[in-house]
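Structure file entry-v6.cif; described as mmCIF, C-alpha atoms and all ligand atoms.
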```cif
data_work
loop_
_atom_site.label_atom_id
_atom_site.label_comp_id
_atom_site.auth_asym_id
_atom_site.auth_seq_id
_atom_site.Cartn_x
_atom_site.Cartn_y
_atom_site.Cartn_z
CA MET A 1 8.74 -0.20 11.69
CA SER A 2 6.47 -0.50 14.72
CA VAL A 3 3.55 -2.95 14.90
CA ALA A 4 1.12 -0.01 14.78
CA ALA A 5 2.76 1.33 11.63
CA THR A 6 2.66 -2.11 10.00
CA ASP A 7 -1.07 -2.40 10.76
CA ASN A 8 -1.63 1.05 9.34
CA ALA A 9 0.07 0.09 6.09
CA ARG A 10 -2.65 -2.52 5.48
CA LYS A 11 -5.51 -0.22 6.33
CA VAL A 12 -7.81 1.12 3.62
CA THR A 13 -7.57 4.92 3.48
CA VAL A 14 -9.12 7.68 1.39
CA HIS A 15 -6.09 7.34 -0.92
CA THR A 16 -6.73 3.61 -1.38
CA LEU A 17 -10.27 4.40 -2.49
CA GLU A 18 -9.09 7.19 -4.79
CA ASN A 19 -6.60 4.78 -6.42
CA MET A 20 -9.20 2.04 -6.75
CA ALA A 21 -11.61 4.41 -8.50
CA HIS A 22 -8.81 5.58 -10.83
CA LYS A 23 -8.03 2.01 -11.79
CA GLY A 24 -11.71 1.15 -12.24
CA GLU A 25 -11.66 -1.26 -9.28
CA LYS A 26 -15.06 -1.38 -7.60
CA ILE A 27 -15.32 -0.40 -3.92
CA SER A 28 -17.29 -2.64 -1.54
CA MET A 29 -18.92 -1.05 1.49
CA ILE A 30 -21.27 -2.60 4.06
CA THR A 31 -22.73 -1.52 7.39
CA ALA A 32 -21.83 -2.92 10.82
CA TYR A 33 -22.84 -1.74 14.26
CA ASP A 34 -21.22 -4.16 16.73
CA TYR A 35 -17.91 -5.88 17.50
CA SER A 36 -18.78 -9.46 16.49
CA MET A 37 -20.31 -8.62 13.11
CA ALA A 38 -17.59 -6.05 12.35
CA LYS A 39 -14.91 -8.67 12.99
CA LEU A 40 -16.57 -11.08 10.52
CA VAL A 41 -17.11 -8.33 7.95
CA ASP A 42 -13.51 -7.10 8.24
CA ALA A 43 -12.29 -10.62 7.51
CA SER A 44 -14.38 -10.70 4.30
CA ASN A 45 -12.38 -8.47 1.96
CA ILE A 46 -14.63 -5.44 2.44
CA ASP A 47 -13.07 -2.03 1.71
CA VAL A 48 -15.27 0.24 3.83
CA ILE A 49 -17.42 -0.44 6.91
CA LEU A 50 -20.14 2.12 7.51
CA VAL A 51 -21.43 2.54 11.03
CA GLY A 52 -24.70 3.77 9.54
CA ASP A 53 -27.45 5.58 11.34
CA SER A 54 -29.55 2.70 9.94
CA ALA A 55 -28.57 1.31 13.37
CA ALA A 56 -31.70 3.21 14.45
CA ASN A 57 -33.75 0.79 12.31
CA VAL A 58 -31.95 -2.53 12.47
CA MET A 59 -30.47 -2.36 15.97
CA ALA A 60 -33.04 -0.26 17.83
CA GLY A 61 -36.27 -0.92 15.90
CA TYR A 62 -37.17 2.70 15.10
CA THR A 63 -39.10 3.31 11.87
CA THR A 64 -36.79 6.18 10.84
CA THR A 65 -33.14 7.10 11.44
CA LEU A 66 -34.07 10.33 13.21
CA PRO A 67 -34.11 9.21 16.87
CA ILE A 68 -30.57 7.84 17.16
CA THR A 69 -28.28 10.06 19.23
CA LEU A 70 -24.62 11.03 19.01
CA GLU A 71 -23.87 8.97 22.13
CA GLU A 72 -25.57 5.91 20.63
CA MET A 73 -23.69 6.26 17.34
CA ILE A 74 -20.44 6.61 19.29
CA TYR A 75 -21.21 3.41 21.23
CA HIS A 76 -21.76 1.48 17.96
CA ALA A 77 -18.71 3.03 16.29
CA LYS A 78 -16.40 2.23 19.22
CA SER A 79 -17.54 -1.40 19.14
CA VAL A 80 -16.85 -1.61 15.39
CA VAL A 81 -13.46 0.14 15.50
CA ARG A 82 -12.26 -2.28 18.20
CA ALA A 83 -12.88 -5.16 15.77
CA VAL A 84 -11.53 -3.72 12.52
CA LYS A 85 -7.94 -3.97 11.27
CA HIS A 86 -8.25 -3.61 7.50
CA ALA A 87 -11.36 -1.78 6.30
CA MET A 88 -11.84 1.97 6.50
CA VAL A 89 -14.46 2.82 9.15
CA VAL A 90 -16.89 5.63 8.33
CA VAL A 91 -19.42 6.86 10.92
CA ASP A 92 -22.75 8.51 10.11
CA MET A 93 -23.39 11.84 11.82
CA PRO A 94 -26.86 11.45 13.31
CA PHE A 95 -29.79 13.75 12.62
CA GLY A 96 -29.60 17.01 14.55
CA THR A 97 -25.85 16.98 15.15
CA TYR A 98 -24.74 18.99 12.10
CA GLN A 99 -27.70 20.75 10.49
CA GLY A 100 -27.80 23.62 13.04
CA ASN A 101 -24.61 25.41 12.02
CA SER A 102 -21.04 24.67 11.00
CA LYS A 103 -19.65 25.16 14.51
CA MET A 104 -22.04 22.52 15.84
CA ALA A 105 -21.17 20.23 12.92
CA LEU A 106 -17.45 20.56 13.63
CA GLN A 107 -17.94 19.86 17.33
CA SER A 108 -20.04 16.75 16.61
CA ALA A 109 -17.51 15.45 14.07
CA ILE A 110 -14.60 16.02 16.47
CA THR A 111 -16.47 14.19 19.24
CA ILE A 112 -17.07 11.22 16.93
CA MET A 113 -13.44 11.06 15.78
CA LYS A 114 -11.95 11.58 19.25
CA GLU A 115 -14.13 9.03 21.01
CA THR A 116 -14.31 6.33 18.34
CA GLN A 117 -11.02 6.57 16.44
CA ALA A 118 -12.92 5.95 13.22
CA ASN A 119 -11.41 7.09 9.91
CA ALA A 120 -14.10 9.39 8.49
CA ILE A 121 -17.63 10.69 8.91
CA LYS A 122 -20.60 10.72 6.55
CA LEU A 123 -23.40 13.26 6.47
CA GLU A 124 -26.47 13.83 4.31
CA GLY A 125 -27.21 16.78 2.05
CA GLY A 126 -25.89 18.98 -0.76
CA LYS A 127 -25.16 22.70 -1.00
CA GLU A 128 -26.90 23.39 2.32
CA VAL A 129 -24.23 21.45 4.24
CA VAL A 130 -21.17 22.60 2.29
CA GLU A 131 -20.16 25.19 4.91
CA SER A 132 -20.31 22.55 7.65
CA ILE A 133 -18.31 20.10 5.53
CA SER A 134 -15.68 22.75 4.88
CA ARG A 135 -15.25 23.37 8.60
CA ILE A 136 -15.06 19.63 9.38
CA LEU A 137 -12.46 19.15 6.65
CA SER A 138 -10.40 22.00 8.06
CA ALA A 139 -9.96 19.88 11.22
CA GLY A 140 -8.47 17.08 9.11
CA ILE A 141 -11.56 14.88 9.19
CA PRO A 142 -12.38 13.14 5.89
CA VAL A 143 -16.03 13.54 4.85
CA MET A 144 -18.24 11.27 2.74
CA GLY A 145 -21.36 12.91 1.28
CA HIS A 146 -24.80 11.33 0.79
CA LEU A 147 -27.35 12.40 -1.85
CA GLY A 148 -30.59 11.11 -3.38
CA LEU A 149 -32.82 9.40 -0.85
CA THR A 150 -31.42 10.89 2.34
CA PRO A 151 -33.34 9.09 5.11
CA GLN A 152 -32.88 11.89 7.67
CA SER A 153 -35.17 14.00 5.42
CA ILE A 154 -37.92 11.39 5.25
CA ASN A 155 -40.46 13.80 6.73
CA LYS A 156 -39.77 16.26 3.91
CA PHE A 157 -39.97 13.53 1.21
CA GLY A 158 -42.94 11.75 2.83
CA THR A 159 -41.95 8.45 1.18
CA PHE A 160 -38.95 6.15 0.64
CA ALA A 161 -39.60 6.12 -3.14
CA VAL A 162 -36.87 6.60 -5.77
CA ARG A 163 -35.57 10.21 -5.83
CA ALA A 164 -34.64 12.50 -8.72
CA THR A 165 -36.75 10.84 -11.38
CA GLY A 166 -37.68 14.29 -12.76
CA ASN A 167 -35.29 16.66 -14.59
CA ASP A 168 -35.28 19.45 -12.00
CA GLU A 169 -34.40 17.23 -9.07
CA ALA A 170 -31.85 15.35 -11.20
CA GLU A 171 -30.11 18.60 -12.19
CA ARG A 172 -30.13 19.78 -8.56
CA LEU A 173 -28.58 16.47 -7.50
CA ILE A 174 -25.79 16.84 -10.07
CA GLU A 175 -25.10 20.40 -8.84
CA ASP A 176 -25.05 19.13 -5.24
CA ALA A 177 -22.67 16.31 -6.14
CA LYS A 178 -20.30 18.79 -7.80
CA ALA A 179 -20.50 21.07 -4.75
CA LEU A 180 -19.58 18.13 -2.48
CA GLU A 181 -16.60 17.25 -4.65
CA GLU A 182 -15.50 20.88 -4.86
CA VAL A 183 -15.57 21.41 -1.10
CA GLY A 184 -13.40 18.30 -0.62
CA CYS A 185 -15.55 15.22 0.14
CA PHE A 186 -13.53 12.07 -0.61
CA SER A 187 -16.59 10.13 -1.82
CA VAL A 188 -20.35 10.40 -2.10
CA VAL A 189 -23.13 7.88 -1.48
CA LEU A 190 -25.96 7.95 -4.04
CA GLU A 191 -29.09 6.35 -2.61
CA LYS A 192 -32.11 5.17 -4.59
CA ILE A 193 -31.82 7.24 -7.76
CA PRO A 194 -32.17 6.14 -11.41
CA ALA A 195 -29.16 4.18 -12.69
CA MET A 196 -28.61 6.54 -15.62
CA LEU A 197 -28.49 9.56 -13.30
CA ALA A 198 -25.99 7.77 -11.04
CA LYS A 199 -23.94 7.00 -14.18
CA ARG A 200 -23.90 10.66 -15.15
CA VAL A 201 -22.90 11.77 -11.65
CA SER A 202 -20.16 9.10 -11.54
CA GLU A 203 -18.81 10.26 -14.90
CA GLU A 204 -18.86 13.95 -13.95
CA LEU A 205 -17.13 13.48 -10.58
CA THR A 206 -13.53 12.41 -10.03
CA ILE A 207 -14.20 11.24 -6.45
CA PRO A 208 -15.70 7.73 -6.09
CA THR A 209 -19.47 7.33 -5.95
CA ILE A 210 -20.93 4.53 -3.82
CA GLY A 211 -24.43 3.43 -4.77
CA ILE A 212 -27.32 1.81 -2.93
CA GLY A 213 -30.30 1.28 -5.21
CA ALA A 214 -28.48 3.44 -7.78
CA GLY A 215 -27.57 0.81 -10.36
CA LYS A 216 -24.34 -0.64 -11.65
CA TYR A 217 -22.43 2.40 -12.88
CA THR A 218 -21.26 3.78 -9.54
CA ASP A 219 -17.66 3.25 -8.39
CA GLY A 220 -18.80 1.07 -5.50
CA GLN A 221 -21.82 -0.41 -3.75
CA VAL A 222 -23.12 -0.37 -0.19
CA LEU A 223 -25.76 -2.55 1.48
CA VAL A 224 -27.11 -2.76 5.00
CA LEU A 225 -25.59 -5.95 6.49
CA HIS A 226 -28.79 -7.16 8.18
CA ASP A 227 -30.77 -6.73 4.95
CA MET A 228 -28.35 -8.62 2.70
CA LEU A 229 -28.00 -11.44 5.24
CA GLY A 230 -31.78 -11.83 5.51
CA ILE A 231 -31.87 -11.00 9.22
CA THR A 232 -34.35 -8.17 8.54
CA GLN A 233 -37.13 -9.91 6.66
CA ASP A 234 -39.79 -7.23 6.33
CA PHE A 235 -37.74 -5.02 3.96
CA SER A 236 -37.51 -6.12 0.32
CA PRO A 237 -36.84 -3.22 -2.05
CA ARG A 238 -35.99 -4.17 -5.64
CA PHE A 239 -32.35 -3.15 -5.28
CA LEU A 240 -31.70 -5.51 -2.36
CA ARG A 241 -29.93 -8.77 -3.17
CA ARG A 242 -30.27 -11.23 -0.29
CA TYR A 243 -27.14 -13.36 0.08
CA HIS A 244 -28.50 -15.49 2.90
CA SER A 245 -31.65 -16.30 4.88
CA LEU A 246 -29.95 -15.93 8.22
CA GLY A 247 -33.26 -14.93 9.86
CA ASP A 248 -34.71 -18.38 9.06
CA GLU A 249 -31.54 -20.12 10.22
CA ILE A 250 -31.46 -18.19 13.51
CA ARG A 251 -35.14 -18.97 14.18
CA SER A 252 -34.63 -22.63 13.42
CA ALA A 253 -31.49 -22.92 15.61
CA VAL A 254 -33.10 -21.12 18.54
CA SER A 255 -36.32 -23.20 18.26
CA GLN A 256 -34.21 -26.38 18.25
CA TYR A 257 -32.35 -25.18 21.35
CA SER A 258 -35.61 -24.31 23.12
CA SER A 259 -37.12 -27.69 22.27
CA ASP A 260 -33.92 -29.48 23.46
CA VAL A 261 -34.12 -27.62 26.79
CA LYS A 262 -37.79 -28.48 27.22
CA SER A 263 -37.27 -32.16 26.29
CA GLY A 264 -34.29 -32.44 28.63
CA SER A 265 -31.91 -33.44 25.79
CA PHE A 266 -29.74 -30.37 26.40
CA PRO A 267 -27.36 -30.50 28.13
CA ASN A 268 -26.26 -34.14 27.76
CA ASP A 269 -23.64 -35.97 29.83
CA ASN A 270 -20.77 -34.56 27.72
CA GLU A 271 -22.01 -31.00 28.04
CA GLN A 272 -21.60 -30.80 31.83
CA TYR A 273 -18.78 -30.76 34.42
O1 LIG A 301 -27.23 4.42 7.45
C1 LIG A 301 -26.96 3.72 6.47
O2 LIG A 301 -26.93 2.47 6.53
C2 LIG A 301 -26.65 4.39 5.22
C3 LIG A 301 -26.53 3.53 3.98
C4 LIG A 301 -27.86 3.11 3.53
C5 LIG A 301 -25.77 4.22 2.92
O3 LIG A 301 -26.53 5.57 5.17
#
```
Just give me the structure of the file as structure tokens.
Ligand code: KIV
Amino acid sequence: MSVAATDNARKVTVHTLENMAHKGEKISMITAYDYSMAKLVDASNIDVILVGDSAANVMAGYTTTLPITLEEMIYHAKSVVRAVKHAMVVVDMPFGTYQGNSKMALQSAITIMKETQANAIKLEGGKEVVESISRILSAGIPVMGHLGLTPQSINKFGTFAVRATGNDEAERLIEDAKALEEVGCFSVVLEKIPAMLAKRVSEELTIPTIGIGAGKYTDGQVLVLHDMLGITQDFSPRFLRRYHSLGDEIRSAVSQYSSDVKSGSFPNDNEQY
């Protein structure tokens, strides 16, 4: 068996996720956008790394995910793929690269897969994107869906509040989730919806559901890396568990460095040639 084949055997695939969900094993997913972080994340027993279009927020400082381009997503995804040996890498299709028509969607998905060598793409929406998903799948590209709070539609929603709290929207979401499973998505992200609705969707689908702000009944969870590490400090929704205050630690380390430079204590005699 070649080295490449051996590496592949350890890689998480859509079948790994399917098996995990069947066995009731929870799926862990987290975002990454660059080589160094992706390398650390991949060494941390994570199943799926999402090169999310949240890169627009946490890497580029935009207030929405809308401005990020296909080229920018490809740059982030290439950096992540170079670092990752184990986790499955999923890349978000950015706003405006798939909503136009299914031909455009297929072309964008092919460009992402060809240039990044990622393992799958994710896109937002329900029945309205089923035709595009079908065409992408026909090219052999695995597709992850995304329902509930879909940030690319923020201008339609007008707010980042919890979605589908009313019966009509909840029923529509269930229909959309079924349509995504039927067309062939291997998984679906459920963002910021009531836990009991996410439970119902997870019970009605056979493909794994991955929740963010959707409670404990989904087959897996996803968080934005910079949020859970406490690097982004101005975003504290109820669903976010902070595992570290890295922002404070970075500020303190950099201030110490700056003060050492100014006092002349860095570099010392051992830190020079
Ligand atoms: O872009 C992103 O980070 C996402 C997750 C919030 C699911 O889509």
**Request:** Determine, counting all atoms listed in the file, which protein, DNA and RNA residues have an atom within 12 Å of an atom of Leu40 of chain A; residues of the same chain fewer than 4 positions away are not included. Present the result as a PyMOL selection string.
**Result:** chain A and resi 30-36+44-46+49+80+83-87+225
**Item:** Nearby residues (all atoms listed in the file) at most 12 Å from Ile133 of chain A, same-chain spacing under 6 positions excluded, as an MDAnalysis selection string
**Value:** chainID A and resid 93 98:99 101:109 120:127 139:146 179:186
Can you list every residue of chain A that has an atom at most 9 Å from ligand LIG 301 (chain A), with its nearest atom pair and the distance in Å to one decimal, using only C-alpha atoms and all ligand atoms, ordered by chain then number, as a tab-separated table?
```
residue	atom	partner	partner_atom	distance
A:Met29	CA	A:LIG301	C5	8.8
A:Ile30	CA	A:LIG301	O2	8.0
A:Thr31	CA	A:LIG301	O2	5.9
A:Ala32	CA	A:LIG301	O2	8.6
A:Leu50	CA	A:LIG301	O2	6.9
A:Val51	CA	A:LIG301	O1	7.1
A:Gly52	CA	A:LIG301	O1	3.3
A:Asp53	CA	A:LIG301	O1	4.1
A:Ser54	CA	A:LIG301	O1	3.8
A:Ala55	CA	A:LIG301	O1	6.8
A:Ala56	CA	A:LIG301	O1	8.4
A:Asn57	CA	A:LIG301	O1	8.9
A:Thr65	CA	A:LIG301	O1	7.6
A:Val91	CA	A:LIG301	O1	8.9
A:Asp92	CA	A:LIG301	O1	6.6
A:Lys122	CA	A:LIG301	O3	8.0
A:Leu123	CA	A:LIG301	O3	8.4
A:Glu124	CA	A:LIG301	O3	8.3
A:His146	CA	A:LIG301	O3	7.4
A:Thr150	CA	A:LIG301	O3	7.8
A:Pro151	CA	A:LIG301	O3	7.7
A:Val189	CA	A:LIG301	C5	6.3
A:Leu190	CA	A:LIG301	C5	7.9
A:Glu191	CA	A:LIG301	C5	6.8
A:Ile210	CA	A:LIG301	C5	8.3
A:Gly211	CA	A:LIG301	C5	7.8
A:Ile212	CA	A:LIG301	C5	6.5
A:Val222	CA	A:LIG301	C5	6.1
A:Leu223	CA	A:LIG301	C4	6.4
A:Val224	CA	A:LIG301	O2	5.5
A:Leu225	CA	A:LIG301	O2	8.5
```
**Fill in**
Among A:Gly100, A:Phe157, A:Val129, A:Met88, Arg10 of chain A is approached most closely, using only C-alpha atoms, by A:Met88
Draw an axis-aligned box tight on the listed atoms of segment 171-179 of chain A, then pad every side by 5 Å and write out centre and edge lengths in Å to one decimal as AutoDock Vina command-line options.
```
--center_x -25.2 --center_y 18.7 --center_z -8.5 --size_x 19.8 --size_y 14.8 --size_z 17.4
```
**Request:** Give me, please, the distance in Å between atom CA of Met196 of chain A and atom CA of Gly213 of chain A, quoted to one decimal.
**Result:**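 Those two atoms sit 11.8 Å apart.
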**Given all atoms listed in the file as the counted atoms, nearest of A:Ala161, A:Tyr243, A:Lys216, A:Leu173 to Leu229 of chain A** = A:Tyr243
**Prompt:** In Å, how far is it from atom CA of Tyr217 of chain A to atom CA of Leu197 of chain A?
**Reply:**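 Spanning atom CA of Tyr217 of chain A to atom CA of Leu197 of chain A is a straight-line distance of 9.4 Å.
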**Prompt:** Distance atom CA of Phe95 of chain A-atom CA of Gly158 of chain A, one decimal place?
**Reply:**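 Going from atom CA of Phe95 of chain A over to atom CA of Gly158 of chain A covers 16.5 Å.
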**Message:** Around the point (-16.6, 1.3, -9.1) (coordinates from the file), which residues reach within 6 Å if we count all atoms listed in the file? Answer as a PyMOL selection string.
**Reply:** chain A and resi 21+24-27+218-220
**Prompt:** Looking at all atoms listed in the file, which of A:His226, A:Lys114, A:His22, A:Lys11 is the one that sits closest to Thr209 of chain A?
**Reply:** A:His22
**Item:** Nearest candidate to Ser28 of chain A (options A:Asp47, A:Asp42, A:Glu128, A:Glu115; using all atoms listed in the file)
**Value:**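 Using all atoms listed in the file, the shortest distance to Ser28 of chain A belongs to A:Asp47.
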**Prompt:** Could you list as a PyMOL selection string every residue that has an atom within 7 Å of (-30.6, 12.5, -6.8), using the file's coordinates and counting all atoms listed in the file?
**Reply:** chain A and resi 147-148+163-164+169-170+173+193
**Request:** Compare A:Ser79, A:Gln152, A:Asn268, A:Thr206 by their minimum atom-to-atom distance to Leu17 of chain A, counting only C-alpha atoms, and give me the closest one.
**Result:**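 Using only C-alpha atoms, Leu17 of chain A sits closest to A:Thr206.
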**Request:** Can you work out which one of A:Pro208, A:Pro194, A:Gly166, A:Pro267 has the shortest atom-to-atom distance to Phe239 of chain A, counting all atoms listed in the file?
**Result:**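 Result for the nearest residue to Phe239 of chain A: A:Pro194.
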